[in-house]
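The next block is data-v5.csv, given as CSV, C-alpha atoms.
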```csv
chain,number,residue,atom,x,y,z
A,282,MET,CA,-35.5,22.1,77.3
A,283,PRO,CA,-33.2,20.8,80.1
A,284,LYS,CA,-31.6,17.4,79.6
A,285,ILE,CA,-30.3,15.2,82.4
A,286,GLU,CA,-28.0,12.3,81.5
A,287,ILE,CA,-26.9,9.8,84.2
A,288,GLU,CA,-24.7,6.7,83.7
A,289,THR,CA,-24.6,3.9,86.3
A,290,LYS,CA,-22.3,1.0,86.1
A,291,ILE,CA,-23.9,-2.2,87.5
A,292,ASN,CA,-22.3,-5.6,88.1
A,293,ALA,CA,-25.3,-7.6,87.0
A,294,SER,CA,-27.1,-8.8,83.9
A,295,ARG,CA,-28.9,-6.4,81.5
A,296,GLU,CA,-32.1,-8.4,82.0
A,297,VAL,CA,-32.1,-7.9,85.7
A,298,CYS,CA,-31.4,-4.2,85.4
A,299,PHE,CA,-34.0,-3.7,82.7
A,300,ASN,CA,-36.6,-5.6,84.8
A,301,LEU,CA,-35.9,-3.6,87.9
A,302,ALA,CA,-36.2,-0.3,86.0
A,303,SER,CA,-39.4,-1.4,84.3
A,304,SER,CA,-41.1,-2.8,87.4
A,305,ILE,CA,-44.0,-0.7,88.8
A,306,ASP,CA,-43.8,-2.6,92.1
A,307,PHE,CA,-40.0,-1.9,92.5
A,308,HIS,CA,-40.5,1.8,91.6
A,309,GLN,CA,-43.1,2.1,94.4
A,310,VAL,CA,-40.9,0.3,97.0
A,311,THR,CA,-37.8,2.5,96.1
A,312,SER,CA,-39.7,5.8,96.0
A,313,VAL,CA,-40.8,5.9,99.6
A,314,LYS,CA,-39.5,9.5,100.2
A,315,THR,CA,-41.9,10.8,97.5
A,316,LYS,CA,-44.7,8.3,98.4
A,317,GLU,CA,-45.1,7.3,94.7
A,318,LYS,CA,-47.8,4.9,93.9
A,319,ALA,CA,-49.5,3.7,90.8
A,320,ILE,CA,-53.2,4.6,91.1
A,321,ALA,CA,-54.7,3.9,87.6
A,322,GLY,CA,-53.8,2.3,84.3
A,323,LYS,CA,-51.2,-0.4,84.8
A,324,THR,CA,-50.6,-0.5,88.5
A,325,SER,CA,-48.3,-3.5,89.0
A,326,GLY,CA,-45.9,-5.8,87.2
A,327,PHE,CA,-43.6,-4.8,84.3
A,328,ILE,CA,-44.4,-2.0,81.9
A,329,LYS,CA,-44.6,-2.8,78.2
A,330,LEU,CA,-45.1,-0.9,75.0
A,331,ASN,CA,-48.2,1.4,75.1
A,332,ASP,CA,-48.8,0.9,78.8
A,333,GLU,CA,-49.9,3.9,80.7
A,334,VAL,CA,-49.3,4.4,84.4
A,335,ASN,CA,-51.1,7.1,86.5
A,336,TRP,CA,-48.8,8.0,89.4
A,337,GLU,CA,-49.5,9.9,92.6
A,338,ALA,CA,-46.5,11.3,94.5
A,339,VAL,CA,-45.5,14.1,96.8
A,340,HIS,CA,-42.9,16.5,95.4
A,341,PHE,CA,-42.0,19.9,97.0
A,342,CYS,CA,-44.6,19.1,99.7
A,343,VAL,CA,-47.4,19.0,97.1
A,344,LYS,CA,-49.4,15.8,96.2
A,345,GLN,CA,-49.2,15.5,92.4
A,346,LYS,CA,-50.6,13.2,89.7
A,347,LEU,CA,-48.8,12.3,86.5
A,348,CYS,CA,-49.6,9.9,83.7
A,349,SER,CA,-46.8,8.4,81.6
A,350,ARG,CA,-47.0,6.2,78.6
A,351,ILE,CA,-44.4,3.7,77.3
A,352,THR,CA,-43.8,4.8,73.7
A,353,GLU,CA,-40.7,2.7,72.9
A,354,TYR,CA,-39.8,-0.7,74.2
A,355,SER,CA,-37.0,-3.1,73.2
A,356,PHE,CA,-36.3,-5.7,75.9
A,357,PRO,CA,-33.6,-5.7,77.4
A,358,ASN,CA,-32.0,-2.7,75.6
A,359,HIS,CA,-34.2,0.4,75.9
A,360,PHE,CA,-37.6,1.8,76.9
A,361,ARG,CA,-39.0,5.3,76.8
A,362,ASP,CA,-41.7,6.8,78.9
A,363,VAL,CA,-43.4,10.2,78.1
A,364,GLN,CA,-45.7,12.3,80.1
A,365,VAL,CA,-49.4,12.2,79.0
A,366,PHE,CA,-50.4,14.7,81.7
A,367,GLY,CA,-48.9,16.1,84.8
A,368,ALA,CA,-46.9,18.9,86.4
A,369,PHE,CA,-44.3,19.1,83.6
A,370,LYS,CA,-45.2,20.9,80.3
A,371,ALA,CA,-43.6,17.8,78.8
A,372,PHE,CA,-41.0,15.1,79.4
A,373,LYS,CA,-39.5,12.1,77.8
A,374,HIS,CA,-37.3,9.6,79.8
A,375,ASP,CA,-35.1,7.1,77.9
A,376,HIS,CA,-33.7,4.2,79.8
A,377,TYR,CA,-30.7,2.4,78.0
A,378,PHE,CA,-29.0,-0.8,79.1
A,379,LYS,CA,-25.7,-1.8,77.5
A,380,GLN,CA,-23.9,-5.1,78.4
A,381,MET,CA,-20.2,-4.6,78.8
A,382,ASP,CA,-17.6,-7.3,79.9
A,383,GLY,CA,-19.7,-8.6,82.8
A,384,TYR,CA,-21.4,-5.4,83.8
A,385,VAL,CA,-24.1,-3.1,82.6
A,386,ILE,CA,-24.0,0.6,81.8
A,387,MET,CA,-27.5,1.9,82.6
A,388,THR,CA,-28.1,5.3,81.1
A,389,ASP,CA,-31.0,7.6,81.9
A,390,VAL,CA,-31.7,10.5,79.5
A,391,PHE,CA,-34.4,12.8,80.9
A,392,ASP,CA,-35.6,15.7,78.7
A,393,PHE,CA,-38.1,17.9,80.4
A,394,GLU,CA,-39.8,21.3,80.1
A,395,SER,CA,-41.6,23.1,82.9
A,396,PRO,CA,-44.8,25.2,82.3
A,397,LEU,CA,-45.0,28.9,83.1
A,398,GLY,CA,-42.6,30.2,80.4
A,399,ILE,CA,-39.8,32.3,81.8
A,400,ILE,CA,-40.7,31.5,85.4
A,401,GLY,CA,-40.6,27.8,84.6
A,402,LYS,CA,-37.2,28.2,82.9
A,403,LEU,CA,-35.9,30.0,86.0
A,404,PHE,CA,-37.3,27.2,88.2
A,405,ASN,CA,-35.6,24.6,86.1
A,406,HIS,CA,-32.3,26.4,86.4
A,407,LEU,CA,-32.4,27.1,90.1
A,408,VAL,CA,-34.2,24.0,91.5
A,409,LEU,CA,-35.8,21.4,89.3
A,410,THR,CA,-32.7,20.1,87.3
A,411,LYS,CA,-30.8,19.5,90.6
A,412,TYR,CA,-33.9,17.9,92.2
A,413,MET,CA,-34.5,15.6,89.3
A,414,THR,CA,-30.9,14.6,89.0
A,415,SER,CA,-30.8,13.7,92.7
A,416,PHE,CA,-34.1,11.8,92.4
A,417,LEU,CA,-32.9,9.8,89.3
A,418,THR,CA,-29.5,9.1,90.9
A,419,GLU,CA,-31.0,7.8,94.1
A,420,ARG,CA,-33.3,5.5,92.1
A,421,ASN,CA,-30.4,4.2,90.0
A,422,GLN,CA,-28.5,3.5,93.2
A,423,MET,CA,-31.4,1.4,94.4
A,424,ILE,CA,-31.5,-0.5,91.1
A,425,LYS,CA,-27.7,-1.0,91.5
A,426,LYS,CA,-28.0,-2.2,95.1
A,427,TYR,CA,-30.8,-4.7,94.3
A,428,ALA,CA,-29.2,-5.9,91.0
A,429,GLU,CA,-25.8,-6.5,92.5
A,430,SER,CA,-27.2,-8.6,95.3
A,431,GLU,CA,-29.8,-11.3,95.4
A,432,MET,CA,-32.4,-8.8,96.6
A,433,TRP,CA,-33.8,-8.4,93.1
A,434,ARG,CA,-35.2,-12.0,93.4
A,435,ASN,CA,-37.8,-10.7,96.0
A,436,PHE,CA,-39.6,-9.0,93.1
A,437,PHE,CA,-39.1,-11.7,90.5
A,438,LEU,CA,-39.7,-15.0,92.3
A,439,PHE,CA,-41.4,-16.5,89.2
A,440,PHE,CA,-39.3,-14.8,86.6
A,441,LYS,CA,-36.7,-16.9,84.7
A,442,PHE,CA,-33.5,-15.4,83.3
```
Here is a file; write its structure as structure tokens.
Amino acid sequence: MPKIEIETKINASREVCFNLASSIDFHQVTSVKTKEKAIAGKTSGFIKLNDEVNWEAVHFCVKQKLCSRITEYSFPNHFRDVQVFGAFKAFKHDHYFKQMDGYVIMTDVFDFESPLGIIGKLFNHLVLTKYMTSFLTERNQMIKKYAESEMWRNFFLFFKF
């Protein structure tokens, strides 16, 4: 089972970073390239424990649907989403937020498995691991960009920190 781990240093509060990472609305705005949108289950706001989100997106020029469930949630430290159904055989995605001397270390740990046995393993090795690393890195850079500026306030006008 491939595992991707990405650390991003962000000059912002842990709460802001956590909320950006757990906002369905923010995810949709920052995933324009893949046309991601929440189509069922929880479709806006912040995800919480046991929430399910049904996503529609375009990856590799194919429209796909995926459902993920929040199985662990500890604001503002960690949350985990796991695939309920979708293109992967399985995945779990942990999001960790650690406050350090005025900045946050945001860590993504993405464990996944492709279907189709040996063909899936080959696809993971040749294509999917690089693709998912790039996708997650770009998303983390958007979280960093918004968190380190006042742009995050556009999503949380009524949220108090």
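Taking CA of Gly398 in chain A as the reference point, CA of Lys370 in chain A is found at 9.7 Å.
The nearest approach to Met282 in chain A among the residues A:Trp336, A:Phe307, A:Phe341, A:Phe393, with all atoms listed in the file taken into account, belongs to A:Phe393.
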What does the structure give for the distance between CA of Ser349 in chain A and CA of Phe366 in chain A, in Å to one decimal?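 Atom-to-atom, CA of Ser349 in chain A to CA of Phe366 in chain A, that is 7.3 Å.
Proximity of A:Asp382, A:Asp375, A:Glu431, A:Glu419 to Lys284 in chain A, computed with all atoms listed in the file, is greatest for A:Asp375.
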Between CA of Gly367 in chain A and CA of Glu337 in chain A, measure the distance and give it in Å to one decimal. 10.0 Å
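Counting all atoms listed in the file and comparing A:Gln364, A:Thr324, A:Gln380, A:Thr388, the residue that lies closest to Thr418 in chain A is A:Thr388.
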Need the neighbours of (-32.4, 15.0, 87.4): which residues are at most 10 Å away, counting only C-alpha atoms, as a PDB file with C-alpha atoms, in the coordinates of the input?
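Listed below is the output, result_20.pdb:
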```pdb
ATOM      1  CA  PRO A 283     -33.200  20.800  80.100  1.00  0.00           C
ATOM      2  CA  LYS A 284     -31.600  17.400  79.600  1.00  0.00           C
ATOM      3  CA  ILE A 285     -30.300  15.200  82.400  1.00  0.00           C
ATOM      4  CA  GLU A 286     -28.000  12.300  81.500  1.00  0.00           C
ATOM      5  CA  ILE A 287     -26.900   9.800  84.200  1.00  0.00           C
ATOM      6  CA  ASP A 389     -31.000   7.600  81.900  1.00  0.00           C
ATOM      7  CA  VAL A 390     -31.700  10.500  79.500  1.00  0.00           C
ATOM      8  CA  PHE A 391     -34.400  12.800  80.900  1.00  0.00           C
ATOM      9  CA  ASP A 392     -35.600  15.700  78.700  1.00  0.00           C
ATOM     10  CA  PHE A 393     -38.100  17.900  80.400  1.00  0.00           C
ATOM     11  CA  LEU A 409     -35.800  21.400  89.300  1.00  0.00           C
ATOM     12  CA  THR A 410     -32.700  20.100  87.300  1.00  0.00           C
ATOM     13  CA  LYS A 411     -30.800  19.500  90.600  1.00  0.00           C
ATOM     14  CA  TYR A 412     -33.900  17.900  92.200  1.00  0.00           C
ATOM     15  CA  MET A 413     -34.500  15.600  89.300  1.00  0.00           C
ATOM     16  CA  THR A 414     -30.900  14.600  89.000  1.00  0.00           C
ATOM     17  CA  SER A 415     -30.800  13.700  92.700  1.00  0.00           C
ATOM     18  CA  PHE A 416     -34.100  11.800  92.400  1.00  0.00           C
ATOM     19  CA  LEU A 417     -32.900   9.800  89.300  1.00  0.00           C
ATOM     20  CA  THR A 418     -29.500   9.100  90.900  1.00  0.00           C
ATOM     21  CA  GLU A 419     -31.000   7.800  94.100  1.00  0.00           C
TER      22      GLU A 419
END
```
Neighbour list for Val313 in chain A as a ChimeraX atom specification, cut-off 12 Å, all atoms listed in the file, skip fewer than 4 positions in-chain: /A:306-309,317-318,337-340,416,419-420,423
With C-alpha atoms kept, could you save the residues just selected as a PDB file, in the coordinates of the input?
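This is the output file part-v2.pdb:
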```pdb
ATOM      1  CA  ASP A 306     -43.800  -2.600  92.100  1.00  0.00           C
ATOM      2  CA  PHE A 307     -40.000  -1.900  92.500  1.00  0.00           C
ATOM      3  CA  HIS A 308     -40.500   1.800  91.600  1.00  0.00           C
ATOM      4  CA  GLN A 309     -43.100   2.100  94.400  1.00  0.00           C
ATOM      5  CA  GLU A 317     -45.100   7.300  94.700  1.00  0.00           C
ATOM      6  CA  LYS A 318     -47.800   4.900  93.900  1.00  0.00           C
ATOM      7  CA  GLU A 337     -49.500   9.900  92.600  1.00  0.00           C
ATOM      8  CA  ALA A 338     -46.500  11.300  94.500  1.00  0.00           C
ATOM      9  CA  VAL A 339     -45.500  14.100  96.800  1.00  0.00           C
ATOM     10  CA  HIS A 340     -42.900  16.500  95.400  1.00  0.00           C
ATOM     11  CA  PHE A 416     -34.100  11.800  92.400  1.00  0.00           C
ATOM     12  CA  GLU A 419     -31.000   7.800  94.100  1.00  0.00           C
ATOM     13  CA  ARG A 420     -33.300   5.500  92.100  1.00  0.00           C
ATOM     14  CA  MET A 423     -31.400   1.400  94.400  1.00  0.00           C
TER      15      MET A 423
END
```
Between A:Ile399, A:Val408, A:Met387, A:Met432, which is the closest to Glu288 in chain A once you count only C-alpha atoms? A:Met387
Around the point (-32.2, -5.0, 77.7) in the file's coordinates, collect all residues with an atom within 7 Å, using only C-alpha atoms, and return them as a PyMOL selection string. chain A and resi 295-296+299+355-359+378
Ranking A:Asn405, A:Ser312, A:Ser395, A:Thr352 by minimum distance to Leu330 in chain A and counting all atoms listed in the file, which one comes first?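 Looking at the shortest contact to Leu330 in chain A, the residue is A:Thr352.
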Place N, CA and C atoms on range 293-323 of chain A and deliver the coordinates as a compact mmCIF listing (two decimals), in the coordinates of the input.
```txt
# COMPACT_ATOMS: atom_id res chain seq x y z
N ALA A 293 -24.19 -6.69 87.06
CA ALA A 293 -25.30 -7.60 87.00
C ALA A 293 -25.69 -7.79 85.51
N SER A 294 -26.68 -8.61 85.26
CA SER A 294 -27.10 -8.80 83.90
C SER A 294 -27.99 -7.67 83.41
N ARG A 295 -28.01 -7.46 82.12
CA ARG A 295 -28.90 -6.40 81.50
C ARG A 295 -30.33 -6.73 81.78
N GLU A 296 -30.70 -8.00 81.74
CA GLU A 296 -32.10 -8.40 82.00
C GLU A 296 -32.56 -8.01 83.37
N VAL A 297 -31.73 -8.28 84.36
CA VAL A 297 -32.10 -7.90 85.70
C VAL A 297 -32.25 -6.42 85.87
N CYS A 298 -31.31 -5.66 85.34
CA CYS A 298 -31.40 -4.20 85.40
C CYS A 298 -32.60 -3.66 84.71
N PHE A 299 -32.86 -4.15 83.51
CA PHE A 299 -34.00 -3.70 82.70
C PHE A 299 -35.31 -4.00 83.52
N ASN A 300 -35.41 -5.20 84.06
CA ASN A 300 -36.60 -5.60 84.80
C ASN A 300 -36.84 -4.76 86.05
N LEU A 301 -35.77 -4.47 86.76
CA LEU A 301 -35.90 -3.60 87.90
C LEU A 301 -36.38 -2.21 87.52
N ALA A 302 -35.79 -1.68 86.45
CA ALA A 302 -36.20 -0.30 86.00
C ALA A 302 -37.58 -0.27 85.44
N SER A 303 -38.08 -1.38 84.93
CA SER A 303 -39.40 -1.40 84.30
C SER A 303 -40.50 -1.98 85.23
N SER A 304 -40.15 -2.25 86.48
CA SER A 304 -41.10 -2.80 87.40
C SER A 304 -41.84 -1.70 88.19
N ILE A 305 -43.14 -1.66 88.06
CA ILE A 305 -44.00 -0.70 88.80
C ILE A 305 -43.83 -0.96 90.30
N ASP A 306 -43.85 -2.24 90.68
CA ASP A 306 -43.80 -2.60 92.10
C ASP A 306 -42.43 -2.14 92.70
N PHE A 307 -41.34 -2.36 91.98
CA PHE A 307 -40.00 -1.90 92.50
C PHE A 307 -39.97 -0.41 92.57
N HIS A 308 -40.52 0.28 91.61
CA HIS A 308 -40.50 1.80 91.60
C HIS A 308 -41.22 2.25 92.90
N GLN A 309 -42.35 1.65 93.23
CA GLN A 309 -43.10 2.10 94.40
C GLN A 309 -42.31 1.82 95.70
N VAL A 310 -41.67 0.68 95.78
CA VAL A 310 -40.90 0.30 97.00
C VAL A 310 -39.70 1.26 97.15
N THR A 311 -39.08 1.66 96.05
CA THR A 311 -37.80 2.50 96.10
C THR A 311 -38.10 3.96 96.06
N SER A 312 -39.35 4.37 96.03
CA SER A 312 -39.70 5.80 96.00
C SER A 312 -40.48 6.20 97.24
N VAL A 313 -40.07 5.68 98.37
CA VAL A 313 -40.80 5.90 99.60
C VAL A 313 -40.76 7.40 100.00
N LYS A 314 -39.64 8.08 99.77
CA LYS A 314 -39.50 9.50 100.20
C LYS A 314 -40.59 10.35 99.48
N THR A 315 -40.95 10.01 98.26
CA THR A 315 -41.90 10.80 97.50
C THR A 315 -43.32 10.15 97.51
N LYS A 316 -43.45 9.04 98.23
CA LYS A 316 -44.70 8.30 98.40
C LYS A 316 -45.39 8.02 97.03
N GLU A 317 -44.56 7.58 96.07
CA GLU A 317 -45.10 7.30 94.70
C GLU A 317 -45.88 6.00 94.73
N LYS A 318 -47.04 6.09 94.11
CA LYS A 318 -47.80 4.90 93.90
C LYS A 318 -48.60 4.97 92.63
N ALA A 319 -48.75 3.81 92.02
CA ALA A 319 -49.50 3.70 90.80
C ALA A 319 -50.99 3.60 91.16
N ILE A 320 -51.81 4.51 90.64
CA ILE A 320 -53.20 4.60 91.10
C ILE A 320 -54.21 4.24 89.97
N ALA A 321 -53.75 4.20 88.72
CA ALA A 321 -54.70 3.90 87.60
C ALA A 321 -53.83 3.42 86.41
N GLY A 322 -54.52 2.89 85.41
CA GLY A 322 -53.80 2.30 84.30
C GLY A 322 -53.16 1.02 84.74
N LYS A 323 -51.95 0.78 84.33
CA LYS A 323 -51.20 -0.40 84.80
C LYS A 323 -50.67 -0.05 86.18
```
